[in-house]
file entry.txt (compact mmCIF, C-alpha atoms)
# COMPACT_ATOMS: atom_id res chain seq x y z
CA MET A 1 -21.07 43.79 -14.95
CA MET A 2 -21.01 44.32 -11.19
CA ASP A 3 -22.82 46.54 -8.67
CA GLU A 4 -20.75 47.58 -5.66
CA ASN A 5 -23.85 47.72 -3.45
CA CYS A 6 -25.00 44.19 -4.30
CA ILE A 7 -24.31 41.48 -1.76
CA PHE A 8 -23.89 38.80 -4.45
CA CYS A 9 -21.44 40.96 -6.42
CA ARG A 10 -19.49 41.58 -3.21
CA ILE A 11 -19.43 37.83 -2.51
CA ALA A 12 -18.21 37.21 -6.08
CA THR A 13 -15.26 39.57 -5.61
CA GLY A 14 -14.39 38.05 -2.24
CA GLU A 15 -15.27 41.19 -0.28
CA ILE A 16 -17.95 39.30 1.69
CA PRO A 17 -17.33 35.67 2.67
CA ALA A 18 -19.57 32.77 1.69
CA HIS A 19 -19.46 28.99 1.58
CA PHE A 20 -18.45 28.30 -2.00
CA VAL A 21 -19.31 25.13 -3.87
CA TYR A 22 -17.97 26.42 -7.18
CA GLN A 23 -16.73 29.61 -8.84
CA ASP A 24 -15.48 30.56 -12.29
CA ASP A 25 -15.54 33.68 -14.47
CA ASP A 26 -19.23 33.26 -15.34
CA LEU A 27 -20.97 32.08 -12.21
CA MET A 28 -20.70 30.92 -8.62
CA VAL A 29 -22.52 28.38 -6.48
CA ILE A 30 -22.76 29.14 -2.76
CA MET A 31 -24.68 27.76 0.18
CA ASP A 32 -27.81 29.71 1.18
CA ILE A 33 -27.18 30.99 4.72
CA ASN A 34 -30.90 30.61 5.54
CA PRO A 35 -31.49 27.18 4.01
CA LEU A 36 -34.96 25.70 3.57
CA ALA A 37 -33.29 22.30 3.87
CA PRO A 38 -29.70 21.02 4.18
CA GLY A 39 -27.93 21.40 0.83
CA HIS A 40 -29.96 24.46 -0.27
CA CYS A 41 -27.60 26.32 -2.56
CA LEU A 42 -27.69 29.27 -4.93
CA LEU A 43 -26.42 29.40 -8.50
CA ILE A 44 -25.56 33.00 -9.30
CA PRO A 45 -24.23 34.50 -12.55
CA ASN A 46 -21.30 36.94 -12.26
CA TYR A 47 -23.36 39.54 -14.07
CA HIS A 48 -25.40 42.03 -12.11
CA THR A 49 -28.94 42.28 -13.35
CA LYS A 50 -32.17 41.97 -11.44
CA TYR A 51 -34.24 39.90 -13.85
CA LEU A 52 -33.60 36.65 -15.68
CA HIS A 53 -34.92 38.22 -18.89
CA GLU A 54 -32.12 40.83 -18.75
CA LEU A 55 -29.31 38.27 -18.68
CA PRO A 56 -27.18 37.70 -21.82
CA LEU A 57 -28.01 34.34 -23.46
CA ASN A 58 -24.53 32.85 -22.94
CA TYR A 59 -25.07 33.11 -19.17
CA GLY A 60 -28.31 31.19 -19.60
CA GLU A 61 -26.46 28.37 -21.36
CA LYS A 62 -23.86 28.16 -18.62
CA ILE A 63 -26.52 28.29 -15.89
CA GLY A 64 -28.57 25.51 -17.52
CA LYS A 65 -25.50 23.27 -17.71
CA PHE A 66 -24.58 23.94 -14.09
CA LEU A 67 -28.12 23.36 -12.83
CA ILE A 68 -27.71 19.79 -14.08
CA LEU A 69 -24.19 19.44 -12.64
CA ILE A 70 -25.19 20.77 -9.21
CA THR A 71 -28.33 18.64 -9.00
CA LYS A 72 -26.15 15.62 -9.88
CA ALA A 73 -23.71 16.59 -7.14
CA LEU A 74 -26.52 17.01 -4.58
CA ASP A 75 -27.32 13.34 -5.05
CA THR A 76 -30.96 13.53 -3.98
CA GLU A 77 -34.17 12.54 -5.80
CA ASN A 78 -36.56 15.12 -4.42
CA TYR A 79 -35.67 18.76 -4.99
CA ASN A 80 -36.89 22.02 -6.49
CA VAL A 81 -35.17 24.54 -8.71
CA LEU A 82 -36.62 28.01 -8.27
CA GLN A 83 -35.80 31.43 -9.66
CA ASN A 84 -37.86 34.43 -8.51
CA ASN A 85 -38.23 37.72 -10.38
CA GLY A 86 -39.68 40.83 -8.78
CA LYS A 87 -40.78 41.56 -5.23
CA LEU A 88 -44.29 40.27 -5.88
CA ALA A 89 -42.75 36.94 -6.93
CA HIS A 90 -40.68 36.64 -3.72
CA GLN A 91 -37.35 37.92 -5.11
CA ASP A 92 -35.26 38.87 -2.09
CA ILE A 93 -31.97 40.07 -3.61
CA PRO A 94 -32.09 42.06 -6.87
CA HIS A 95 -29.42 40.00 -8.67
CA VAL A 96 -30.55 36.92 -10.66
CA HIS A 97 -30.13 33.70 -8.67
CA PHE A 98 -31.41 30.15 -8.90
CA HIS A 99 -32.32 28.28 -5.72
CA ILE A 100 -31.57 24.55 -5.72
CA ILE A 101 -33.47 23.15 -2.76
CA PRO A 102 -33.51 19.54 -1.57
CA LYS A 103 -36.94 18.32 -0.38
CA PRO A 104 -36.10 15.68 2.24
CA GLY A 105 -39.60 15.59 3.76
CA LYS A 106 -43.13 16.93 3.41
CA ASP A 107 -42.59 19.78 5.88
CA GLU A 108 -39.01 20.56 4.86
CA GLY A 109 -37.67 22.37 1.83
CA LEU A 110 -39.74 24.57 -0.43
CA GLY A 111 -43.46 24.98 0.24
CA LEU A 112 -45.51 25.28 -2.95
CA ARG A 113 -49.10 26.24 -3.61
CA MET A 114 -50.03 25.45 -7.20
CA PRO A 115 -53.83 25.67 -7.53
CA GLY A 116 -54.01 25.63 -11.35
CA LYS A 117 -57.38 26.28 -12.98
CA GLN A 118 -58.27 24.83 -16.36
CA ALA A 119 -58.20 27.51 -19.04
CA SER A 120 -60.22 27.59 -22.25
CA SER A 121 -58.56 26.41 -25.43
CA GLU A 122 -59.36 29.81 -26.98
CA SER A 123 -57.58 31.82 -24.28
CA LEU A 124 -54.56 29.48 -24.33
CA GLY A 125 -54.36 29.70 -28.12
CA GLU A 126 -54.44 33.49 -28.01
CA LEU A 127 -51.75 33.68 -25.34
CA ALA A 128 -49.58 31.14 -27.19
CA ASN A 129 -49.78 33.26 -30.34
CA GLU A 130 -48.95 36.46 -28.46
CA ILE A 131 -45.87 34.94 -26.79
CA LYS A 132 -44.83 33.21 -30.05
CA GLU A 133 -44.94 36.50 -31.94
CA LYS A 134 -42.73 38.21 -29.37
CA LEU A 135 -40.38 35.22 -29.24
CA ASN A 136 -40.00 35.24 -33.03
CA THR A 137 -38.66 38.79 -32.86
CA LEU A 138 -35.90 37.53 -30.52
CA LEU A 139 -34.80 34.45 -32.50
CA MET B 1 -35.18 9.43 -26.11
CA MET B 2 -38.96 9.12 -25.89
CA ASP B 3 -41.47 7.19 -23.78
CA GLU B 4 -44.67 6.22 -25.58
CA ASN B 5 -46.67 6.41 -22.34
CA CYS B 6 -45.52 9.94 -21.47
CA ILE B 7 -47.94 12.77 -22.17
CA PHE B 8 -45.13 15.24 -22.95
CA CYS B 9 -43.47 12.81 -25.38
CA ARG B 10 -46.84 12.29 -27.08
CA ILE B 11 -47.31 16.06 -27.33
CA ALA B 12 -43.80 16.38 -28.80
CA THR B 13 -44.61 13.87 -31.57
CA GLY B 14 -47.94 15.56 -32.30
CA GLU B 15 -50.03 12.62 -31.11
CA ILE B 16 -51.67 14.77 -28.42
CA PRO B 17 -52.48 18.41 -29.20
CA ALA B 18 -51.18 21.40 -27.22
CA HIS B 19 -50.86 25.13 -27.58
CA PHE B 20 -47.31 25.54 -28.85
CA VAL B 21 -45.21 28.63 -28.32
CA TYR B 22 -42.07 27.03 -29.79
CA GLN B 23 -40.70 23.69 -30.91
CA ASP B 24 -37.41 22.45 -32.35
CA ASP B 25 -35.41 19.19 -32.23
CA ASP B 26 -34.26 19.79 -28.63
CA LEU B 27 -37.21 21.26 -26.77
CA MET B 28 -40.73 22.63 -26.88
CA VAL B 29 -42.58 25.42 -25.09
CA ILE B 30 -46.32 24.91 -24.58
CA MET B 31 -49.04 26.58 -22.55
CA ASP B 32 -49.93 24.89 -19.25
CA ILE B 33 -53.58 23.80 -19.58
CA ASN B 34 -54.11 24.43 -15.85
CA PRO B 35 -52.35 27.80 -15.56
CA LEU B 36 -51.58 29.45 -12.23
CA ALA B 37 -51.80 32.77 -14.09
CA PRO B 38 -52.29 33.85 -17.71
CA GLY B 39 -49.09 33.16 -19.68
CA HIS B 40 -48.03 30.16 -17.53
CA CYS B 41 -46.03 28.02 -19.92
CA LEU B 42 -43.82 24.93 -19.78
CA LEU B 43 -40.37 24.50 -21.27
CA ILE B 44 -39.83 20.79 -21.95
CA PRO B 45 -36.78 19.03 -23.40
CA ASN B 46 -37.42 16.44 -26.13
CA TYR B 47 -35.62 13.86 -24.03
CA HIS B 48 -37.59 11.63 -21.72
CA THR B 49 -36.14 11.51 -18.25
CA LYS B 50 -37.80 12.12 -14.94
CA TYR B 51 -35.13 14.16 -13.16
CA LEU B 52 -33.15 17.25 -14.11
CA HIS B 53 -29.97 15.55 -12.90
CA GLU B 54 -30.45 12.80 -15.51
CA LEU B 55 -30.56 15.18 -18.47
CA PRO B 56 -27.55 15.43 -20.84
CA LEU B 57 -25.65 18.71 -20.33
CA ASN B 58 -26.33 20.02 -23.85
CA TYR B 59 -30.05 20.05 -23.07
CA GLY B 60 -29.28 22.12 -19.99
CA GLU B 61 -27.50 24.70 -22.12
CA LYS B 62 -30.38 24.93 -24.55
CA ILE B 63 -32.93 25.14 -21.72
CA GLY B 64 -31.01 27.92 -19.96
CA LYS B 65 -30.88 29.96 -23.16
CA PHE B 66 -34.59 29.48 -23.80
CA LEU B 67 -35.57 30.35 -20.23
CA ILE B 68 -34.15 33.80 -20.96
CA LEU B 69 -35.81 34.04 -24.38
CA ILE B 70 -39.22 32.97 -23.09
CA THR B 71 -39.10 35.31 -20.09
CA LYS B 72 -38.19 38.13 -22.51
CA ALA B 73 -41.15 37.20 -24.70
CA LEU B 74 -43.53 37.11 -21.71
CA ASP B 75 -42.78 40.78 -21.18
CA THR B 76 -43.61 40.87 -17.46
CA GLU B 77 -41.55 41.94 -14.45
CA ASN B 78 -42.91 39.59 -11.81
CA TYR B 79 -42.60 35.88 -12.51
CA ASN B 80 -41.23 32.60 -11.18
CA VAL B 81 -39.27 29.85 -12.87
CA LEU B 82 -39.82 26.50 -11.17
CA GLN B 83 -38.69 22.96 -11.87
CA ASN B 84 -39.88 20.18 -9.55
CA ASN B 85 -38.20 16.80 -9.09
CA GLY B 86 -39.86 13.87 -7.35
CA LYS B 87 -43.38 13.45 -6.01
CA LEU B 88 -42.41 14.90 -2.62
CA ALA B 89 -41.27 18.06 -4.44
CA HIS B 90 -44.59 18.44 -6.30
CA GLN B 91 -43.51 16.88 -9.62
CA ASP B 92 -46.71 15.99 -11.45
CA ILE B 93 -45.50 14.50 -14.75
CA PRO B 94 -42.34 12.32 -14.71
CA HIS B 95 -40.62 14.11 -17.60
CA VAL B 96 -38.39 17.11 -16.82
CA HIS B 97 -40.21 20.42 -17.30
CA PHE B 98 -39.68 24.02 -16.27
CA HIS B 99 -42.67 26.14 -15.29
CA ILE B 100 -42.50 29.81 -16.27
CA ILE B 101 -45.24 31.51 -14.28
CA PRO B 102 -46.21 35.19 -14.39
CA LYS B 103 -47.09 36.68 -10.99
CA PRO B 104 -49.60 39.42 -11.81
CA GLY B 105 -50.88 39.80 -8.24
CA LYS B 106 -50.39 38.67 -4.66
CA ASP B 107 -53.04 35.96 -4.86
CA GLU B 108 -52.32 34.90 -8.44
CA GLY B 109 -49.49 32.82 -9.87
CA LEU B 110 -47.22 30.61 -7.80
CA GLY B 111 -47.66 30.44 -4.03
CA LEU B 112 -44.37 30.08 -2.16
CA ARG B 113 -43.52 29.29 1.43
CA MET B 114 -39.83 29.92 2.10
CA PRO B 115 -39.25 29.89 5.85
CA GLY B 116 -35.44 29.68 5.79
CA LYS B 117 -33.63 29.15 9.07
CA GLN B 118 -30.13 30.44 9.66
CA ALA B 119 -27.61 27.59 9.59
CA SER B 120 -24.28 27.43 11.41
CA SER B 121 -21.16 28.30 9.48
CA GLU B 122 -19.77 24.87 10.37
CA SER B 123 -22.69 22.94 8.90
CA LEU B 124 -22.72 25.09 5.76
CA GLY B 125 -18.98 24.61 5.33
CA GLU B 126 -19.29 20.84 5.65
CA LEU B 127 -22.15 20.67 3.15
CA ALA B 128 -20.31 22.95 0.72
CA ASN B 129 -17.28 20.64 0.85
CA GLU B 130 -19.40 17.54 0.33
CA ILE B 131 -21.18 18.97 -2.71
CA LYS B 132 -17.91 20.42 -4.06
CA GLU B 133 -16.21 17.02 -3.87
CA LYS B 134 -19.01 15.34 -5.81
CA LEU B 135 -19.11 18.21 -8.32
CA ASN B 136 -15.37 17.91 -8.93
CA THR B 137 -15.84 14.31 -10.04
CA LEU B 138 -18.28 15.57 -12.71
CA LEU B 139 -16.21 18.45 -14.14
call {"tool": "encode", "arguments": {"input": "entry.txt", "output": "structure tokens"}}
result
Amino acid sequence: MMDENCIFCRIATGEIPAHFVYQDDDLMVIMDINPLAPGHCLLIPNYHTKYLHELPLNYGEKIGKFLILITKALDTENYNVLQNNGKLAHQDIPHVHFHIIPKPGKDEGLGLRMPGKQASSESLGELANEIKEKLNTLL
Amino acid sequence: MMDENCIFCRIATGEIPAHFVYQDDDLMVIMDINPLAPGHCLLIPNYHTKYLHELPLNYGEKIGKFLILITKALDTENYNVLQNNGKLAHQDIPHVHFHIIPKPGKDEGLGLRMPGKQASSESLGELANEIKEKLNTLL
């Protein structure tokens, strides 16, 4: 499933050049042209859909396997894996992609703000049940 | 593979309570007790290792499939998937875990700073070749 107006789909077909680390029928790994740190690469399924939740499950399996392989190949101990969905969540290109970003120093790589606030056991239990119920309809 | 001093391993065995969304022999999904937004949950393999690159590939496949299932179950269009490796990269607990974090509003959920800088084609090509060579030894 491809979209002729999508930059990642056009890279996958070879219409637009990129620095390839890997490519097969299911996915490709290319270097980010605006890296947050040296080695910043993108793992991209060859299936055009904006959101992770729209991707067929077999692509998820392949992606999960390749996240491990690519992080092994990067040979670094500090790194982040990030996948953004929706404009509000910083998604830049509307085709699912995973960032793999080395973190060589405090001011390099991905900047994160994670100010978690403790939630009540009641609210967590309710949310867990809600998500569990929806998940059970998918299994 | 478990570590008796690891909080996630102790949650997996039932020694420490948590709000479970899902659990099987390979992984569990629990609510983050310090959520960045309502619905913030953690996908955690039942295999104690600090880094993603140390995880057996079959866990990667299962994780990738469940990232899709959980994001479907969350039923939201703006969200981030994040996995941190190493203290420098904001890893809090030394057992691989994926954050799945809804982004309901600009000031809620995960805060990201992604100031990418354009890299030269030469440097990207060199890095791509380096990573590709290491990856080829793993395939």
call {"tool": "residues_around", "arguments": {"input": "entry.txt", "residues": "Asn46 (chain A)", "least_positions_apart": "6", "cutoff": "7 Å", "atoms": "all atoms listed in the file", "output": "ChimeraX atom specification"}}
result
/A:12,25-27
call {"tool": "write_last_selection", "arguments": {"input": "entry.txt", "atoms": "C-alpha atoms", "output": "PDB file, keeping the file's coordinate frame"}}
result
ATOM      1  CA  ALA A  12     -18.210  37.210  -6.080  1.00  0.00           C
ATOM      2  CA  ASP A  25     -15.540  33.680 -14.470  1.00  0.00           C
ATOM      3  CA  ASP A  26     -19.230  33.260 -15.340  1.00  0.00           C
ATOM      4  CA  LEU A  27     -20.970  32.080 -12.210  1.00  0.00           C
TER       5      LEU A  27
END
call {"tool": "residues_around", "arguments": {"input": "entry.txt", "residues": "Leu43 (chain B)", "least_positions_apart": "4", "cutoff": "8 Å", "atoms": "only C-alpha atoms", "output": "PyMOL selection string"}}
result
chain B and resi 27-30+63+67+97-100
call {"tool": "residues_near_point", "arguments": {"input": "entry.txt", "point": "(-25.1, 18.0, -7.3)", "cutoff": "12 Å", "atoms": "all atoms listed in the file", "output": "PyMOL selection string"}}
result
(chain A and resi 21-22+29+39-43+65-77+79+100-102) or (chain B and resi 52-54+127-139)
call {"tool": "atom_distance", "arguments": {"input": "entry.txt", "atom1": "CA of Asp107 (chain B)", "atom2": "CA of Leu82 (chain A)"}}
result
18.6 Å
call {"tool": "atom_distance", "arguments": {"input": "entry.txt", "atom1": "CA of Pro17 (chain B)", "atom2": "CA of Pro35 (chain B)"}}
result
16.6 Å
call {"tool": "closest_residue", "arguments": {"input": "entry.txt", "among": "A:Pro104, A:Gly109, A:His90, A:Asn80", "to": "chain B", "atoms": "all atoms listed in the file"}}
result
A:Asn80
call {"tool": "atom_distance", "arguments": {"input": "entry.txt", "atom1": "CA of Glu126 (chain A)", "atom2": "CA of Asn84 (chain B)"}}
result
27.0 Å
call {"tool": "closest_residue", "arguments": {"input": "entry.txt", "among": "A:Val81, A:Ile16, A:Ile11, A:Ile93", "to": "chain B", "atoms": "only C-alpha atoms"}}
result
A:Val81
call {"tool": "residues_around", "arguments": {"input": "entry.txt", "residues": "region 1-3 of chain B", "least_positions_apart": "5", "cutoff": "12 Å", "atoms": "all atoms listed in the file", "output": "count of residues only"}}
result
18
call {"tool": "closest_residue", "arguments": {"input": "entry.txt", "among": "A:Leu124, A:Ile44, A:Val96, A:Cys6", "to": "chain B", "atoms": "only C-alpha atoms"}}
result
A:Leu124
call {"tool": "closest_residue", "arguments": {"input": "entry.txt", "among": "B:Met31, B:Ala119, B:Leu36, B:Leu110", "to": "His19 (chain A)", "atoms": "only C-alpha atoms"}}
result
B:Ala119
